[in-house]
file final.cif (mmCIF, C-alpha atoms)
data_upload
loop_
_atom_site.group_PDB
_atom_site.id
_atom_site.type_symbol
_atom_site.label_atom_id
_atom_site.label_comp_id
_atom_site.auth_asym_id
_atom_site.auth_seq_id
_atom_site.Cartn_x
_atom_site.Cartn_y
_atom_site.Cartn_z
ATOM 1 C CA MET A 1 44.373 -53.809 -37.818
ATOM 2 C CA ASP A 2 43.319 -51.057 -40.168
ATOM 3 C CA MET A 3 42.070 -47.618 -39.183
ATOM 4 C CA ASP A 4 38.412 -48.508 -39.782
ATOM 5 C CA GLU A 5 38.660 -51.380 -37.298
ATOM 6 C CA TRP A 6 40.478 -49.161 -34.805
ATOM 7 C CA TRP A 7 37.721 -46.558 -34.858
ATOM 8 C CA ARG A 8 35.038 -49.262 -34.791
ATOM 9 C CA LEU A 9 36.419 -50.481 -31.458
ATOM 10 C CA VAL A 10 36.339 -46.944 -30.044
ATOM 11 C CA ASP A 11 32.738 -46.616 -31.282
ATOM 12 C CA ILE A 12 31.718 -49.858 -29.562
ATOM 13 C CA ALA A 13 32.961 -48.477 -26.239
ATOM 14 C CA ARG A 14 31.269 -45.129 -26.886
ATOM 15 C CA ALA A 15 27.972 -46.849 -27.692
ATOM 16 C CA ALA A 16 28.200 -48.869 -24.470
ATOM 17 C CA VAL A 17 28.188 -45.701 -22.346
ATOM 18 C CA GLY A 18 25.724 -43.702 -24.459
ATOM 19 C CA ASP A 19 25.306 -40.021 -23.699
ATOM 20 C CA ARG A 20 28.136 -40.112 -21.148
ATOM 21 C CA ALA A 21 30.787 -40.709 -23.822
ATOM 22 C CA ASP A 22 31.857 -37.119 -24.512
ATOM 23 C CA ASP A 23 32.903 -35.680 -21.146
ATOM 24 C CA ARG A 24 36.090 -36.774 -19.379
ATOM 25 C CA GLU A 25 35.341 -34.675 -16.273
ATOM 26 C CA LEU A 26 32.583 -36.929 -14.981
ATOM 27 C CA PRO A 27 33.387 -38.173 -11.474
ATOM 28 C CA ASP A 28 32.812 -41.717 -12.672
ATOM 29 C CA ASP A 29 33.769 -41.390 -16.341
ATOM 30 C CA PRO A 30 32.608 -44.719 -17.800
ATOM 31 C CA LEU A 31 34.300 -44.567 -21.212
ATOM 32 C CA PRO A 32 37.867 -45.591 -20.294
ATOM 33 C CA GLU A 33 36.665 -48.729 -18.509
ATOM 34 C CA ALA A 34 34.277 -49.510 -21.376
ATOM 35 C CA LEU A 35 37.211 -49.291 -23.801
ATOM 36 C CA VAL A 36 39.270 -51.577 -21.536
ATOM 37 C CA GLY A 37 36.419 -54.083 -21.717
ATOM 38 C CA VAL A 38 36.216 -53.892 -25.507
ATOM 39 C CA LEU A 39 39.974 -54.274 -25.939
ATOM 40 C CA ALA A 40 40.133 -57.141 -23.449
ATOM 41 C CA THR A 41 38.060 -59.228 -25.884
ATOM 42 C CA LEU A 42 40.892 -59.064 -28.430
ATOM 43 C CA GLU A 43 43.895 -61.297 -28.887
ATOM 44 C CA PRO A 44 47.161 -59.900 -27.445
ATOM 45 C CA THR A 45 48.530 -59.201 -30.941
ATOM 46 C CA GLU A 46 45.389 -57.217 -31.759
ATOM 47 C CA ILE A 47 45.798 -55.129 -28.614
ATOM 48 C CA ILE A 48 49.388 -54.424 -29.673
ATOM 49 C CA ASP A 49 48.104 -53.394 -33.109
ATOM 50 C CA PHE A 50 45.506 -51.162 -31.448
ATOM 51 C CA TYR A 51 48.265 -49.448 -29.459
ATOM 52 C CA VAL A 52 50.390 -48.827 -32.568
ATOM 53 C CA LYS A 53 47.365 -47.396 -34.413
ATOM 54 C CA TYR A 54 46.648 -45.217 -31.382
ATOM 55 C CA VAL A 55 50.100 -43.673 -31.759
ATOM 56 C CA GLU A 56 49.423 -43.075 -35.465
ATOM 57 C CA VAL A 57 46.116 -41.397 -34.640
ATOM 58 C CA GLN A 58 47.786 -39.247 -31.970
ATOM 59 C CA ASP A 59 50.552 -38.250 -34.371
ATOM 60 C CA SER A 60 48.027 -37.193 -37.024
ATOM 61 C CA ALA A 61 46.632 -34.634 -34.551
ATOM 62 C CA TYR A 62 50.053 -33.221 -33.611
ATOM 63 C CA ARG A 63 49.313 -29.854 -35.239
ATOM 64 C CA TYR A 64 49.916 -26.216 -34.340
ATOM 65 C CA SER A 65 46.313 -25.244 -34.969
ATOM 66 C CA LEU A 66 44.937 -27.988 -32.746
ATOM 67 C CA CYS A 67 47.395 -27.088 -29.999
ATOM 68 C CA MET A 68 46.103 -23.520 -30.022
ATOM 69 C CA ALA A 69 42.523 -24.826 -29.889
ATOM 70 C CA ALA A 70 43.534 -26.894 -26.852
ATOM 71 C CA TYR A 71 44.920 -23.748 -25.266
ATOM 72 C CA LEU A 72 41.643 -21.899 -25.746
ATOM 73 C CA ILE A 73 39.495 -24.794 -24.559
ATOM 74 C CA GLU A 74 41.550 -26.196 -21.697
ATOM 75 C CA GLY A 75 43.961 -23.362 -20.954
ATOM 76 C CA SER A 76 47.166 -25.238 -21.728
ATOM 77 C CA CYS A 77 49.387 -26.017 -24.671
ATOM 78 C CA THR A 78 52.261 -27.671 -22.816
ATOM 79 C CA ASP A 79 53.536 -30.914 -24.335
ATOM 80 C CA ASP A 80 51.796 -32.996 -21.664
ATOM 81 C CA GLY A 81 48.603 -30.953 -21.788
ATOM 82 C CA PHE A 82 48.428 -31.228 -25.565
ATOM 83 C CA MET A 83 49.103 -34.961 -25.422
ATOM 84 C CA ASP A 84 46.215 -35.352 -22.961
ATOM 85 C CA PHE A 85 43.966 -33.221 -25.159
ATOM 86 C CA ARG A 86 44.703 -35.344 -28.243
ATOM 87 C CA SER A 87 44.168 -38.491 -26.208
ATOM 88 C CA GLY A 88 40.742 -37.294 -25.097
ATOM 89 C CA LEU A 89 39.962 -36.155 -28.615
ATOM 90 C CA THR A 90 40.375 -39.731 -29.855
ATOM 91 C CA LEU A 91 37.726 -40.806 -27.351
ATOM 92 C CA LEU A 92 35.236 -38.429 -29.012
ATOM 93 C CA GLY A 93 35.095 -40.734 -32.038
ATOM 94 C CA ARG A 94 36.302 -40.654 -35.603
ATOM 95 C CA ASP A 95 33.975 -37.968 -36.997
ATOM 96 C CA THR A 96 34.681 -35.431 -34.262
ATOM 97 C CA PHE A 97 38.383 -36.266 -34.282
ATOM 98 C CA SER A 98 38.694 -35.975 -38.080
ATOM 99 C CA ARG A 99 36.782 -32.695 -38.189
ATOM 100 C CA ALA A 100 38.952 -31.281 -35.406
ATOM 101 C CA VAL A 101 42.191 -32.266 -37.126
ATOM 102 C CA ALA A 102 40.989 -30.719 -40.411
ATOM 103 C CA ASN A 103 39.450 -27.664 -38.727
ATOM 104 C CA PRO A 104 40.068 -27.237 -34.983
ATOM 105 C CA ASP A 105 37.492 -24.461 -34.860
ATOM 106 C CA SER A 106 34.829 -27.160 -35.387
ATOM 107 C CA LEU A 107 35.290 -28.058 -31.710
ATOM 108 C CA ALA A 108 33.168 -25.006 -30.900
ATOM 109 C CA GLU A 109 30.145 -27.121 -31.930
ATOM 110 C CA LEU A 110 30.616 -29.647 -29.118
ATOM 111 C CA PRO A 111 28.242 -29.324 -26.154
ATOM 112 C CA THR A 112 31.114 -30.104 -23.764
ATOM 113 C CA VAL A 113 33.142 -27.219 -25.205
ATOM 114 C CA THR A 114 30.174 -24.866 -24.920
ATOM 115 C CA ARG A 115 29.735 -25.837 -21.245
ATOM 116 C CA MET A 116 33.443 -25.341 -20.645
ATOM 117 C CA SER A 117 33.303 -21.855 -22.160
ATOM 118 C CA ARG A 118 30.553 -20.964 -19.678
ATOM 119 C CA GLU A 119 32.560 -22.514 -16.839
ATOM 120 C CA GLU A 120 29.764 -25.044 -16.292
ATOM 121 C CA GLY A 121 32.111 -28.027 -16.171
ATOM 122 C CA GLY A 122 33.247 -30.510 -18.746
ATOM 123 C CA TRP A 123 36.603 -31.664 -20.049
ATOM 124 C CA ILE A 124 38.020 -33.180 -23.237
ATOM 125 C CA GLY A 125 41.553 -34.178 -22.270
ATOM 126 C CA TYR A 126 42.320 -37.626 -20.937
ATOM 127 C CA GLU A 127 45.665 -38.441 -19.390
ATOM 128 C CA SER A 128 46.412 -41.301 -21.688
ATOM 129 C CA VAL A 129 44.570 -43.894 -23.670
ATOM 130 C CA SER A 130 47.825 -45.861 -23.492
ATOM 131 C CA TYR A 131 46.969 -46.694 -19.857
ATOM 132 C CA VAL A 132 43.606 -48.030 -21.000
ATOM 133 C CA ILE A 133 45.325 -50.198 -23.604
ATOM 134 C CA SER A 134 47.841 -51.462 -21.031
ATOM 135 C CA ASP A 135 45.033 -52.316 -18.601
ATOM 136 C CA ALA A 136 43.266 -54.359 -21.288
ATOM 137 C CA TYR A 137 46.478 -56.167 -22.193
ATOM 138 C CA ARG A 138 47.141 -56.928 -18.523
ATOM 139 C CA ARG A 139 43.656 -58.457 -18.253
ATOM 140 C CA VAL A 140 44.387 -60.726 -21.193
ATOM 141 C CA GLN A 141 48.058 -61.541 -20.578
ATOM 142 C CA GLY A 142 48.585 -60.890 -16.868
ATOM 143 C CA GLU A 143 51.530 -58.590 -17.626
ATOM 144 C CA THR A 144 52.478 -55.651 -19.859
ATOM 145 C CA ASP A 145 56.208 -56.174 -20.466
ATOM 146 C CA SER A 146 55.558 -57.992 -23.739
ATOM 147 C CA LEU A 147 53.199 -55.180 -24.808
ATOM 148 C CA ASP A 148 55.831 -52.549 -24.085
ATOM 149 C CA THR A 149 58.497 -54.514 -25.991
ATOM 150 C CA ALA A 150 56.279 -55.116 -29.021
ATOM 151 C CA VAL A 151 55.061 -51.516 -29.208
ATOM 152 C CA GLU A 152 58.576 -50.151 -28.816
ATOM 153 C CA ALA A 153 59.782 -52.375 -31.675
ATOM 154 C CA ALA A 154 56.874 -51.332 -33.918
ATOM 155 C CA LEU A 155 57.360 -47.630 -33.197
ATOM 156 C CA SER A 156 61.118 -47.774 -33.784
ATOM 157 C CA GLY A 157 60.476 -48.375 -37.479
ATOM 158 C CA MET A 158 57.739 -45.778 -37.811
ATOM 159 C CA ALA A 159 58.246 -42.236 -39.091
ATOM 160 C CA ARG A 160 56.893 -39.874 -36.437
ATOM 161 C CA PRO A 161 56.664 -36.083 -36.450
ATOM 162 C CA GLU A 162 59.408 -34.349 -34.521
ATOM 163 C CA GLN A 163 57.508 -31.086 -34.391
ATOM 164 C CA GLN A 164 53.916 -30.051 -34.757
ATOM 165 C CA LEU A 165 52.497 -30.322 -38.261
ATOM 166 C CA GLY A 166 50.892 -27.639 -40.378
ATOM 167 C CA GLU A 167 51.482 -23.950 -40.649
ATOM 168 C CA GLU A 168 53.495 -22.758 -37.693
ATOM 169 C CA TRP A 169 51.739 -20.281 -35.472
ATOM 170 C CA ASN A 170 53.121 -17.566 -33.311
ATOM 171 C CA ARG A 171 53.765 -19.725 -30.252
ATOM 172 C CA ASP A 172 52.492 -16.983 -27.950
ATOM 173 C CA PRO A 173 49.096 -18.405 -27.036
ATOM 174 C CA VAL A 174 47.951 -15.077 -25.629
ATOM 175 C CA ASP A 175 48.042 -13.551 -29.121
ATOM 176 C CA GLU A 176 44.302 -12.887 -29.155
ATOM 177 C CA GLU A 177 44.338 -11.366 -32.654
ATOM 178 C CA GLN A 178 45.794 -14.570 -34.064
ATOM 179 C CA MET A 179 43.254 -16.673 -32.142
ATOM 180 C CA ARG A 180 40.320 -14.581 -33.374
ATOM 181 C CA ARG A 181 41.557 -14.777 -36.963
ATOM 182 C CA ARG A 182 42.402 -18.493 -37.052
ATOM 183 C CA LEU A 183 39.875 -19.942 -34.593
ATOM 184 C CA PRO A 184 36.989 -17.444 -34.710
ATOM 185 C CA ARG A 185 34.254 -19.647 -33.212
ATOM 186 C CA LEU A 186 36.414 -20.902 -30.352
ATOM 187 C CA ALA A 187 37.741 -17.399 -29.725
ATOM 188 C CA ALA A 188 34.163 -16.096 -29.555
ATOM 189 C CA LEU A 189 33.453 -18.680 -26.834
ATOM 190 C CA PHE A 190 36.608 -18.304 -24.764
ATOM 191 C CA LEU A 191 37.992 -14.790 -25.305
ATOM 192 C CA ASN A 192 35.922 -12.020 -23.765
#

call {"tool": "encode", "arguments": {"input": "final.cif", "output": "structure tokens"}}
result
Amino acid sequence: MDMDEWWRLVDIARAAVGDRADDRELPDDPLPEALVGVLATLEPTEIIDFYVKYVEVQDSAYRYSLCMAAYLIEGSCTDDGFMDFRSGLTLLGRDTFSRAVANPDSLAELPTVTRMSREEGGWIGYESVSYVISDAYRRVQGETDSLDTAVEAALSGMARPEQQLGEEWNRDPVDEEQMRRRLPRLAALFLN
């Protein structure tokens, strides 16, 4: 599975839920289940490939600048919080994801982020797309042990970042001067 196909599958799920695709805080968030449905139409080997590509996509967003954007938007830059943020970011689709990786300040353009800055609800982070993938595999195969084994084998041969990519930031997320300089639009929304 190439990256174009991977994103096409995400887009199919997004299209199925329409205008409800961008907010993970909805009480009945329809996107994860829609993605399970899309993935459950694939062969088991394709679901495994989807999972491996998911890890590649996640790794490409493992960046200092995006972590600081996550801190401004969702108030956390812990390892788990940042993993959830990147997971939810993938669900926003290829264009939004790519823009955010290249320029995290572009997230200030998202209606969900604007609502969050006004404390009107909304959320980007999603605990883990890997659960969605496992649910789809279980629907197709009736188990997930073979998925776990295959993904583990594929990832063991893959070069993965050990630390966040890009220019290292002062890890003190309360450094408002740094935030205003590096993420001016997000800082304008979230720092009063």

call {"tool": "closest_residue", "arguments": {"input": "final.cif", "among": "A:Arg63, A:Arg185, A:Arg24, A:Lys53", "to": "Ala102 of chain A", "atoms": "all atoms listed in the file"}}
result
A:Arg63

call {"tool": "residues_near_point", "arguments": {"input": "final.cif", "point": "(48.5, -62.8, -25.0)", "cutoff": "12 Å", "atoms": "all atoms listed in the file", "output": "PyMOL selection string"}}
result
chain A and resi 40-48+136-147+150

call {"tool": "residues_around", "arguments": {"input": "final.cif", "residues": "Asp105 of chain A", "least_positions_apart": "6", "cutoff": "8 Å", "atoms": "only C-alpha atoms", "output": "list in words"}}
result
Ala69, Leu183, Pro184, Arg185 and Leu186 of chain A

call {"tool": "atom_distance", "arguments": {"input": "final.cif", "atom1": "atom CA of Val36 of chain A", "atom2": "atom CA of Ile133 of chain A"}}
result
6.5 Å

call {"tool": "residues_around", "arguments": {"input": "final.cif", "residues": "Gly88 of chain A", "least_positions_apart": "5", "cutoff": "6 Å", "atoms": "only C-alpha atoms", "output": "MDAnalysis selection string"}}
result
chainID A and resid 124:126

call {"tool": "closest_residue", "arguments": {"input": "final.cif", "among": "A:Arg86, A:Asp135, A:Gly18, A:Val113", "to": "Val55 of chain A", "atoms": "only C-alpha atoms"}}
result
A:Arg86

call {"tool": "resolve_selection", "arguments": {"input": "final.cif", "expression": "the PyMOL selection byres ((chain A and resi 89) around 10)", "output": "mmCIF file with C-alpha atoms, in the coordinates of the input"}}
result
data_model
loop_
_atom_site.group_PDB
_atom_site.id
_atom_site.type_symbol
_atom_site.label_atom_id
_atom_site.label_comp_id
_atom_site.auth_asym_id
_atom_site.auth_seq_id
_atom_site.Cartn_x
_atom_site.Cartn_y
_atom_site.Cartn_z
ATOM 1 C CA ASP A 22 31.857 -37.119 -24.512
ATOM 2 C CA GLN A 58 47.786 -39.247 -31.970
ATOM 3 C CA ALA A 61 46.632 -34.634 -34.551
ATOM 4 C CA MET A 83 49.103 -34.961 -25.422
ATOM 5 C CA ASP A 84 46.215 -35.352 -22.961
ATOM 6 C CA PHE A 85 43.966 -33.221 -25.159
ATOM 7 C CA ARG A 86 44.703 -35.344 -28.243
ATOM 8 C CA SER A 87 44.168 -38.491 -26.208
ATOM 9 C CA GLY A 88 40.742 -37.294 -25.097
ATOM 10 C CA THR A 90 40.375 -39.731 -29.855
ATOM 11 C CA LEU A 91 37.726 -40.806 -27.351
ATOM 12 C CA LEU A 92 35.236 -38.429 -29.012
ATOM 13 C CA GLY A 93 35.095 -40.734 -32.038
ATOM 14 C CA ARG A 94 36.302 -40.654 -35.603
ATOM 15 C CA THR A 96 34.681 -35.431 -34.262
ATOM 16 C CA PHE A 97 38.383 -36.266 -34.282
ATOM 17 C CA SER A 98 38.694 -35.975 -38.080
ATOM 18 C CA ALA A 100 38.952 -31.281 -35.406
ATOM 19 C CA VAL A 101 42.191 -32.266 -37.126
ATOM 20 C CA LEU A 107 35.290 -28.058 -31.710
ATOM 21 C CA ILE A 124 38.020 -33.180 -23.237
ATOM 22 C CA GLY A 125 41.553 -34.178 -22.270
ATOM 23 C CA TYR A 126 42.320 -37.626 -20.937
#

call {"tool": "atom_distance", "arguments": {"input": "final.cif", "atom1": "atom CA of Ser130 of chain A", "atom2": "atom CA of Val151 of chain A"}}
result
10.8 Å

call {"tool": "atom_distance", "arguments": {"input": "final.cif", "atom1": "atom CA of Cys67 of chain A", "atom2": "atom CA of Phe82 of chain A"}}
result
6.2 Å

call {"tool": "residues_around", "arguments": {"input": "final.cif", "residues": "Val38 of chain A", "least_positions_apart": "5", "cutoff": "8 Å", "atoms": "only C-alpha atoms", "output": "PyMOL selection string"}}
result
chain A and resi 9+12-13
